[in-house]
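Structure file entry-v6.tsv (TSV, C-alpha atoms) is printed below.
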chain	number	residue	atom	x	y	z
A	1	MET	CA	3.56	17.12	-31.34
A	2	ALA	CA	4.12	13.38	-31.85
A	3	SER	CA	6.45	11.70	-29.39
A	4	THR	CA	9.80	10.39	-30.64
A	5	PRO	CA	11.40	6.99	-29.90
A	6	GLY	CA	13.78	8.81	-27.58
A	7	ASP	CA	10.85	10.28	-25.64
A	8	LEU	CA	9.33	6.84	-25.16
A	9	GLU	CA	12.66	5.39	-24.07
A	10	ARG	CA	13.04	8.10	-21.41
A	11	ARG	CA	9.47	7.58	-20.20
A	12	VAL	CA	9.90	3.80	-19.95
A	13	ALA	CA	13.18	4.25	-18.08
A	14	GLY	CA	11.56	6.75	-15.71
A	15	ALA	CA	8.63	4.45	-14.92
A	16	ALA	CA	10.97	1.49	-14.41
A	17	GLU	CA	13.34	3.49	-12.17
A	18	ALA	CA	10.42	4.59	-10.00
A	19	ALA	CA	9.18	1.02	-9.56
A	20	LEU	CA	12.70	-0.25	-8.82
A	21	ALA	CA	13.30	2.44	-6.21
A	22	GLU	CA	10.02	1.68	-4.48
A	23	ARG	CA	9.96	-2.12	-4.54
A	24	GLN	CA	13.42	-3.30	-5.73
A	25	VAL	CA	11.68	-5.12	-8.56
A	26	VAL	CA	10.25	-4.01	-11.92
A	27	SER	CA	7.50	-5.69	-13.92
A	28	PRO	CA	5.95	-4.81	-17.30
A	29	VAL	CA	2.69	-4.10	-15.46
A	30	ASP	CA	4.52	-1.58	-13.21
A	31	VAL	CA	5.87	0.21	-16.29
A	32	LEU	CA	2.49	0.34	-18.05
A	33	VAL	CA	0.88	1.81	-14.93
A	34	GLY	CA	3.77	4.26	-14.55
A	35	LEU	CA	3.34	5.39	-18.16
A	36	GLY	CA	-0.32	6.11	-17.50
A	37	TRP	CA	-1.44	3.59	-20.11
A	38	LEU	CA	-3.03	1.27	-17.57
A	39	ALA	CA	-5.18	2.30	-14.61
A	40	PRO	CA	-4.56	0.56	-11.25
A	41	SER	CA	-8.32	-0.07	-11.05
A	42	GLN	CA	-8.12	-2.02	-14.33
A	43	VAL	CA	-5.23	-4.08	-12.96
A	44	ALA	CA	-7.34	-4.87	-9.90
A	45	ALA	CA	-10.30	-5.90	-12.08
A	46	TRP	CA	-8.01	-8.14	-14.15
A	47	ARG	CA	-6.56	-9.68	-10.99
A	48	GLN	CA	-10.12	-10.41	-9.84
A	49	GLY	CA	-10.76	-12.29	-13.08
A	50	ARG	CA	-13.21	-9.68	-14.37
A	51	LEU	CA	-11.17	-8.89	-17.51
A	52	GLU	CA	-10.27	-11.59	-20.02
A	53	THR	CA	-6.89	-10.01	-20.82
A	54	LEU	CA	-4.82	-7.14	-19.45
A	55	GLU	CA	-4.15	-5.70	-22.89
A	56	GLY	CA	-7.87	-5.19	-23.38
A	57	ALA	CA	-7.72	-2.43	-20.74
A	58	LEU	CA	-4.79	-0.55	-22.30
A	59	THR	CA	-5.29	2.90	-23.81
A	60	VAL	CA	-2.54	2.73	-26.48
A	61	SER	CA	-2.08	1.06	-29.84
A	62	PRO	CA	-0.51	-2.41	-30.11
A	63	ALA	CA	2.48	-0.89	-31.93
A	64	LYS	CA	3.20	1.58	-29.14
A	65	LEU	CA	2.72	-1.13	-26.51
A	66	SER	CA	5.15	-3.43	-28.31
A	67	ALA	CA	7.71	-0.63	-28.57
A	68	ALA	CA	7.52	0.14	-24.86
A	69	LEU	CA	7.81	-3.49	-23.77
A	70	GLY	CA	10.72	-3.91	-26.19
A	71	LEU	CA	12.59	-1.14	-24.38
A	72	LEU	CA	12.22	-2.65	-20.90
A	73	GLU	CA	14.48	-5.69	-21.31
A	74	PRO	CA	17.53	-3.75	-22.69
A	75	TRP	CA	17.10	-1.21	-19.89
A	76	ALA	CA	17.05	-4.02	-17.32
A	77	HIS	CA	20.16	-5.66	-18.82
A	78	ASP	CA	22.03	-2.33	-18.82
A	79	ARG	CA	21.24	-1.94	-15.11
A	80	GLY	CA	22.36	-5.51	-14.36
A	81	LEU	CA	18.92	-6.55	-13.12
A	82	VAL	CA	18.15	-10.23	-12.59
A	83	ALA	CA	15.25	-11.82	-14.50
A	84	SER	CA	12.70	-13.89	-12.61
A	85	GLU	CA	9.58	-15.42	-14.14
A	86	THR	CA	6.49	-14.90	-11.98
A	87	ALA	CA	3.18	-16.75	-11.93
A	88	TYR	CA	0.01	-14.68	-12.27
A	89	VAL	CA	-3.21	-16.28	-11.07
A	90	ALA	CA	-6.65	-14.77	-10.62
A	91	ARG	CA	-7.95	-13.70	-7.23
A	92	THR	CA	-10.84	-16.14	-7.71
A	93	PRO	CA	-11.70	-19.47	-6.06
A	94	ASP	CA	-10.52	-21.48	-9.11
A	95	ARG	CA	-7.12	-19.69	-9.11
A	96	ARG	CA	-7.03	-19.78	-12.92
A	97	ALA	CA	-3.97	-18.48	-14.77
A	98	LEU	CA	-4.32	-14.88	-15.93
A	99	ARG	CA	-3.82	-13.89	-19.56
A	100	PHE	CA	-1.97	-10.73	-20.55
A	101	SER	CA	-2.27	-10.60	-24.34
A	102	GLU	CA	-5.18	-10.88	-26.74
A	103	ARG	CA	-3.44	-13.53	-28.87
A	104	GLY	CA	-2.05	-15.49	-25.93
A	105	ASP	CA	1.33	-15.93	-27.65
A	106	ALA	CA	3.65	-17.91	-25.36
A	107	ASP	CA	6.65	-15.60	-25.82
A	108	VAL	CA	4.56	-12.49	-25.19
A	109	GLU	CA	2.99	-14.02	-22.08
A	110	ARG	CA	6.45	-14.98	-20.79
A	111	ALA	CA	7.72	-11.43	-21.35
A	112	TYR	CA	4.84	-10.05	-19.29
A	113	ARG	CA	5.52	-12.58	-16.51
A	114	THR	CA	9.22	-11.68	-16.32
A	115	HIS	CA	10.10	-9.47	-13.37
A	116	TRP	CA	13.48	-7.74	-13.02
A	117	LEU	CA	15.07	-7.78	-9.56
A	118	SER	CA	17.61	-5.37	-8.15
A	119	PRO	CA	21.21	-6.70	-8.35
A	120	GLU	CA	21.86	-5.11	-4.95
A	121	LEU	CA	19.76	-7.82	-3.29
A	122	SER	CA	21.51	-10.89	-1.97
A	123	VAL	CA	20.76	-14.26	-3.55
A	124	THR	CA	18.61	-15.18	-0.54
A	125	ALA	CA	16.73	-11.87	-0.69
A	126	ARG	CA	16.12	-12.30	-4.43
A	127	GLU	CA	14.78	-15.81	-3.89
A	128	ARG	CA	12.53	-14.57	-1.09
A	129	LEU	CA	11.24	-11.69	-3.20
A	130	ALA	CA	10.67	-13.92	-6.24
A	131	ASP	CA	8.76	-16.38	-4.06
A	132	ARG	CA	6.60	-13.59	-2.65
A	133	GLN	CA	5.89	-12.24	-6.15
A	134	SER	CA	4.82	-15.69	-7.39
A	135	ARG	CA	2.65	-16.48	-4.38
A	136	PRO	CA	-1.05	-16.70	-5.30
A	137	PRO	CA	-2.92	-13.58	-4.14
A	138	GLU	CA	-5.29	-13.82	-1.22
A	139	LEU	CA	-8.93	-14.40	-1.99
A	140	VAL	CA	-10.90	-11.25	-1.23
A	141	VAL	CA	-14.49	-11.43	-0.02
A	142	ILE	CA	-16.48	-8.20	0.05
A	143	ALA	CA	-18.94	-7.24	2.77
A	144	ALA	CA	-21.79	-5.80	0.71
A	145	LEU	CA	-23.02	-2.27	1.30
A	146	ASN	CA	-25.75	-2.30	-1.36
A	147	ASP	CA	-28.21	-4.84	-2.74
A	148	TRP	CA	-26.68	-7.32	-5.16
A	149	THR	CA	-27.56	-10.55	-6.97
A	150	CYS	CA	-25.44	-13.69	-7.37
A	151	THR	CA	-24.78	-14.30	-11.07
A	152	ALA	CA	-24.92	-18.08	-10.56
A	153	CYS	CA	-28.01	-18.71	-8.42
A	154	GLY	CA	-29.79	-15.36	-8.25
A	155	GLY	CA	-29.45	-15.23	-4.48
A	156	ALA	CA	-27.74	-12.65	-2.28
A	157	GLY	CA	-26.24	-12.32	1.20
A	158	ASP	CA	-23.96	-10.23	3.35
A	159	LEU	CA	-20.76	-11.42	1.64
A	160	LEU	CA	-19.78	-11.83	-2.01
A	161	ILE	CA	-16.72	-12.59	-4.10
A	162	MET	CA	-16.10	-11.18	-7.56
A	163	ASP	CA	-15.70	-13.59	-10.46
A	164	ALA	CA	-15.48	-13.11	-14.23
A	165	PRO	CA	-19.27	-13.14	-14.85
A	166	GLY	CA	-19.93	-10.98	-11.78
A	167	PRO	CA	-20.49	-11.37	-8.03
A	168	LEU	CA	-20.94	-14.82	-6.49
A	169	CYS	CA	-22.45	-15.74	-3.14
A	170	LEU	CA	-20.28	-17.83	-0.85
A	171	VAL	CA	-22.33	-20.97	-1.53
A	172	CYS	CA	-21.71	-20.75	-5.28
A	173	ALA	CA	-18.06	-19.87	-4.67
A	174	ASP	CA	-17.66	-22.95	-2.42
A	175	LEU	CA	-16.62	-20.77	0.51
A	176	ASP	CA	-19.70	-21.17	2.69
A	177	HIS	CA	-18.00	-23.74	4.95
A	178	LEU	CA	-15.56	-21.09	6.24
A	179	VAL	CA	-16.13	-19.16	9.48
A	180	PHE	CA	-15.52	-15.46	10.06
A	181	LEU	CA	-12.72	-14.28	12.35
A	182	PRO	CA	-12.93	-10.51	12.98
A	183	ALA	CA	-9.78	-8.39	12.77
A	184	GLY	CA	-8.10	-7.45	16.03
A	185	GLU	CA	-6.27	-10.55	17.24
A	186	ALA	CA	-3.17	-10.74	15.10
A	187	ALA	CA	-1.76	-13.95	16.59
A	188	VAL	CA	-5.03	-15.87	16.21
A	189	THR	CA	-5.46	-14.58	12.64
A	190	ARG	CA	-1.92	-15.48	11.64
A	191	ARG	CA	-2.11	-18.99	13.05
A	192	ALA	CA	-5.60	-19.66	11.75
A	193	LYS	CA	-4.63	-18.66	8.21
A	194	ARG	CA	-1.50	-20.81	8.39
A	195	ALA	CA	-3.50	-23.84	9.52
A	196	SER	CA	-6.40	-23.31	7.12
A	197	GLY	CA	-6.24	-25.03	3.75
A	198	LEU	CA	-8.49	-22.30	2.34
A	199	SER	CA	-8.90	-18.74	3.58
A	200	ALA	CA	-10.10	-15.35	2.36
A	201	VAL	CA	-9.72	-11.75	3.48
A	202	VAL	CA	-12.98	-9.90	4.18
A	203	VAL	CA	-13.07	-6.20	3.25
A	204	ARG	CA	-15.70	-3.47	3.29
A	205	PHE	CA	-15.69	-0.22	1.32
A	206	SER	CA	-15.38	2.90	3.47
A	207	ARG	CA	-17.31	5.75	1.92
A	208	ALA	CA	-15.55	8.21	4.23
A	209	ARG	CA	-12.01	7.10	3.29
A	210	LYS	CA	-12.86	6.04	-0.30
A	211	ARG	CA	-11.10	2.69	0.04
A	212	TYR	CA	-11.64	-0.94	1.01
A	213	GLU	CA	-10.72	-1.71	4.61
A	214	ARG	CA	-9.95	-5.10	6.13
A	215	GLN	CA	-12.66	-6.50	8.41
A	216	GLY	CA	-11.25	-9.93	9.18
A	217	VAL	CA	-10.71	-13.32	7.54
A	218	LEU	CA	-12.67	-16.42	6.62
A	219	VAL	CA	-10.96	-19.63	7.72
A	220	GLU	CA	-11.81	-23.28	8.30
A	221	ALA	CA	-13.46	-23.93	11.68
A	222	GLU	CA	-10.88	-26.52	12.68
A	223	ALA	CA	-8.05	-24.11	11.89
A	224	LEU	CA	-9.62	-21.39	14.03
A	225	GLU	CA	-10.08	-23.76	16.97
A	226	ARG	CA	-6.47	-24.92	16.71
A	227	ALA	CA	-5.21	-21.32	16.53
A	228	GLU	CA	-7.21	-20.31	19.60
A	229	GLN	CA	-5.86	-23.25	21.59
A	230	GLU	CA	-2.27	-22.39	20.59
A	231	CYS	CA	-2.77	-18.76	21.61
A	232	LEU	CA	-4.18	-19.75	24.99
A	233	ALA	CA	-1.19	-22.03	25.59
A	234	ASP	CA	1.44	-19.32	25.08
A	235	GLU	CA	-0.48	-16.18	26.08
A	236	GLU	CA	1.93	-15.39	28.91
A	237	VAL	CA	4.98	-15.62	26.62
A	238	ARG	CA	3.33	-13.38	24.01
A	239	ALA	CA	2.29	-10.87	26.69
A	240	ARG	CA	5.91	-10.52	27.83
A	241	ARG	CA	7.03	-10.13	24.22
A	242	ARG	CA	4.39	-7.42	23.62
A	243	ALA	CA	5.58	-5.56	26.72
A	244	ARG	CA	9.20	-5.68	25.52
A	245	GLU	CA	8.22	-4.51	22.05
A	246	ALA	CA	6.10	-1.68	23.48
A	247	GLU	CA	9.04	-0.55	25.60
A	248	GLN	CA	11.34	-0.65	22.57
A	249	ARG	CA	8.85	1.36	20.49
A	250	GLU	CA	8.57	3.97	23.24
A	251	CYS	CA	12.37	4.32	23.33
A	252	GLU	CA	12.50	4.70	19.55
A	253	ASP	CA	9.66	7.23	19.61
A	254	GLY	CA	11.34	9.20	22.38
A	255	ASP	CA	14.59	9.33	20.44
A	256	LEU	CA	12.73	10.53	17.32
A	257	ARG	CA	10.93	13.24	19.30
A	258	GLU	CA	14.21	14.48	20.77
A	259	ARG	CA	15.93	14.59	17.39
A	260	LEU	CA	12.95	16.34	15.77
A	261	ALA	CA	12.80	18.95	18.54
A	262	ALA	CA	16.53	19.63	18.19
A	263	GLU	CA	16.20	20.00	14.42
A	264	ILE	CA	13.24	22.38	14.81
A	265	VAL	CA	15.31	24.58	17.14
A	266	ARG	CA	18.24	24.45	14.70
A	267	LEU	CA	16.08	25.52	11.74
A	268	PHE	CA	13.97	27.94	13.80
A	269	PRO	CA	16.21	29.27	16.60
A	270	GLY	CA	13.47	31.68	17.68
A	271	CYS	CA	11.04	28.85	18.43
A	272	PRO	CA	10.86	28.28	22.21
A	273	ARG	CA	12.21	24.88	23.22
A	274	PRO	CA	8.95	23.76	24.91
A	275	ARG	CA	7.07	24.64	21.74
A	276	ALA	CA	9.56	22.73	19.59
A	277	GLU	CA	9.10	19.70	21.85
A	278	ALA	CA	5.31	20.00	21.58
A	279	ILE	CA	5.51	20.14	17.76
A	280	ALA	CA	7.84	17.13	17.69
A	281	ARG	CA	5.56	15.16	20.02
A	282	HIS	CA	2.51	15.92	17.85
A	283	THR	CA	4.03	15.28	14.43
A	284	ALA	CA	5.90	12.12	15.51
A	285	ALA	CA	2.93	10.40	17.16
A	286	ARG	CA	2.94	6.75	16.11
A	287	GLY	CA	0.04	5.85	13.83
A	288	SER	CA	-0.90	9.48	13.23
A	289	GLY	CA	0.13	9.53	9.59
A	290	ARG	CA	1.64	12.98	10.15
A	291	VAL	CA	4.77	14.23	8.43
A	292	GLY	CA	6.99	13.35	11.40
A	293	ARG	CA	6.21	9.66	10.87
A	294	SER	CA	7.03	9.76	7.15
A	295	ALA	CA	10.37	8.52	5.84
A	296	ALA	CA	11.41	12.13	5.24
A	297	GLY	CA	10.36	13.15	8.74
A	298	ARG	CA	12.25	10.31	10.41
A	299	ALA	CA	15.30	11.26	8.34
A	300	LEU	CA	14.96	14.87	9.58
A	301	ASP	CA	14.58	16.19	6.04
A	302	PRO	CA	14.45	20.02	6.43
A	303	ALA	CA	11.43	20.30	4.13
A	304	ALA	CA	9.49	17.76	6.20
A	305	VAL	CA	10.47	19.43	9.49
A	306	GLU	CA	9.39	22.82	8.12
A	307	LEU	CA	6.02	21.38	7.07
A	308	ALA	CA	5.46	20.15	10.63
A	309	VAL	CA	6.29	23.59	12.05
A	310	LEU	CA	4.15	25.35	9.46
A	311	ALA	CA	1.15	23.16	10.28
A	312	SER	CA	1.55	23.83	13.99
A	313	VAL	CA	1.75	27.59	13.48
A	314	ARG	CA	-1.29	27.53	11.22
A	315	HIS	CA	-3.39	25.78	13.87
A	316	GLU	CA	-2.00	27.46	17.00
A	317	GLU	CA	-1.14	31.03	15.97
A	318	THR	CA	-3.89	31.87	13.49
A	319	ALA	CA	-7.67	31.76	13.11
A	320	TYR	CA	-7.40	28.87	10.65
A	321	ASP	CA	-9.40	26.39	12.72
A	322	GLU	CA	-12.17	28.93	13.34
A	323	LEU	CA	-12.37	29.66	9.62
A	324	MET	CA	-12.67	25.95	8.83
A	325	MET	CA	-15.38	25.50	11.48
A	326	SER	CA	-17.33	28.42	10.01
A	327	GLY	CA	-17.48	26.69	6.63
A	328	VAL	CA	-14.65	28.43	4.78
A	329	ALA	CA	-13.04	26.16	2.17
A	330	ARG	CA	-9.64	24.78	3.15
A	331	ALA	CA	-7.74	26.48	0.30
A	332	GLU	CA	-9.32	29.83	1.05
A	333	ALA	CA	-8.73	29.47	4.79
A	334	ARG	CA	-5.04	28.74	4.18
A	335	GLU	CA	-4.75	31.76	1.93
A	336	ARG	CA	-6.32	34.04	4.53
A	337	VAL	CA	-3.82	33.04	7.23
A	338	ARG	CA	-0.78	32.76	4.96
A	339	ALA	CA	0.65	36.18	5.87
A	340	GLU	CA	0.34	35.53	9.61
A	341	VAL	CA	1.98	32.12	9.27
A	342	GLU	CA	4.88	33.60	7.31
A	343	ARG	CA	5.28	36.36	9.91
A	344	VAL	CA	5.65	33.83	12.74
A	345	LEU	CA	7.99	31.59	10.74
A	346	SER	CA	10.14	34.56	9.77
A	347	CYS	CA	10.36	35.61	13.40
A	348	TRP	CA	11.35	32.11	14.50
A	349	ARG	CA	13.93	31.78	11.73
A	350	GLY	CA	15.57	35.01	12.79
A	351	GLY	CA	15.94	33.91	16.37

Whole structure given in structure tokens:
Amino acid sequence: MASTPGDLERRVAGAAEAALAERQVVSPVDVLVGLGWLAPSQVAAWRQGRLETLEGALTVSPAKLSAALGLLEPWAHDRGLVASETAYVARTPDRRALRFSERGDADVERAYRTHWLSPELSVTARERLADRQSRPPELVVIAALNDWTCTACGGAGDLLIMDAPGPLCLVCADLDHLVFLPAGEAAVTRRAKRASGLSAVVVRFSRARKRYERQGVLVEAEALERAEQECLADEEVRARRRAREAEQRECEDGDLRERLAAEIVRLFPGCPRPRAEAIARHTAARGSGRVGRSAAGRALDPAAVELAVLASVRHEETAYDELMMSGVARAEARERVRAEVERVLSCWRGG
């Protein structure tokens, strides 16, 4: 069945609402991605200068695209959002302006560049957000995993940067004068980037995690030397600050663990208090990525708390781990222990 104008209006509004809730700002690119008409990978390729226009990557007709974009501005006005024009430049050494449309019409390009900011933000917050949105993106240099060839000179190397024709070596990209600073020293990195007229982030693709991970930065040698000298000069002050911050984090984590344990006992009165504390300690571990560290977990959302308890029961009260170690697929292993998990949860709920 063909979609109606009302269907499209609801879909555009839904995509825009989701972007606004997440970032307090909505852009036409956000809406196109939210509609499923534009893949994030295509946006990344366009940002890297590998696509001539963004519209060339879209999967819908020009008429449907025009209709969707025409619905965004009235929706934004109805919500009282504030318009802010944003610069889009390529993540390439020449920092060339990016094109959205095939025709390059000035009004169409301006419509794409217009972002809509939440009216709930203060004037200062809106200015700060608009400035951050317009800031040129960081150059990204890739640590190569496979053999590659520079499209300019035919050479190769350990590092490359993507450009419109293809990968470039650092010599051809005019980045070979920069020095590598490995990740790990946040203060040195921050100061070196601030002092460096030109810098680039170095990433490597992780086959295990299926994503690019930050390895460090490339900065000017003089900037790195200056940053290291500054860090040596105030190391004692920063050490005291780190100790204070660590103490504050431990207090916050302890409070979260106590509140989580209390909520577990409230929802599952039959769960022994020591066990509830152990579950809270595990799920709320900083940096673990577990449900207790999520926004829902920190807010003590009952569904999130129950997920933490369920996971603990699955691992501690059933043969789930043994099944996984023996090669049973995760979905099948969960199904096999489902009845035992429900039995324990039912017992704990009943007190």

Kindly provide the residues of segment 216-277 of chain A that approach segment 301-322 of chain A to within 10 Å, each paired with its closest atom pair and their distance in Å to one decimal, based on all atoms listed in the file, listed by chain and increasing number, as a Markdown table.
| residue | atom | partner | partner_atom | distance |
| --- | --- | --- | --- | --- |
| A:Leu260 | CA | A:Val305 | CA | 7.4 |
| A:Ala261 | CA | A:Val305 | CA | 9.4 |
| A:Glu263 | CA | A:Val305 | CA | 7.6 |
| A:Ile264 | CA | A:Val305 | CA | 6.7 |
| A:Leu267 | CA | A:Pro302 | CA | 7.8 |
| A:Phe268 | CA | A:Glu306 | CA | 8.9 |
| A:Cys271 | CA | A:Val309 | CA | 9.5 |
| A:Arg275 | CA | A:Ser312 | CA | 9.5 |
| A:Ala276 | CA | A:Val309 | CA | 8.3 |

Nearest residue to Asp131 of chain A out of A:Glu85, A:Asp94, A:Asp7, A:Glu213, using all atoms listed in the file?
A:Glu85

With all atoms listed in the file as the counted atoms, please give the residues lying no more than 7 Å from Ser134 of chain A, apart from itself and same-chain residues fewer than 3 positions off, as an NGL selection string.
:A and (86-88 or 130-131)

Go ahead and dump the residues you just picked, C-alpha atoms, as an mmCIF file, in the frame of the given file.
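File result-v4.cif, as written:
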data_model
loop_
_atom_site.group_PDB
_atom_site.id
_atom_site.type_symbol
_atom_site.label_atom_id
_atom_site.label_comp_id
_atom_site.auth_asym_id
_atom_site.auth_seq_id
_atom_site.Cartn_x
_atom_site.Cartn_y
_atom_site.Cartn_z
ATOM 1 C CA THR A 86 6.490 -14.900 -11.980
ATOM 2 C CA ALA A 87 3.180 -16.750 -11.930
ATOM 3 C CA TYR A 88 0.010 -14.680 -12.270
ATOM 4 C CA ALA A 130 10.670 -13.920 -6.240
ATOM 5 C CA ASP A 131 8.760 -16.380 -4.060
#

Could you tell me how far atom CA of Arg286 of chain A lies from atom CA of Arg214 of chain A, in Å and to one decimal?
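Atom CA of Arg214 of chain A lies at a distance of 20.2 Å from atom CA of Arg286 of chain A.
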
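Atom CA of Ala164 of chain A lies 14.3 Å from atom CA of Thr149 of chain A.
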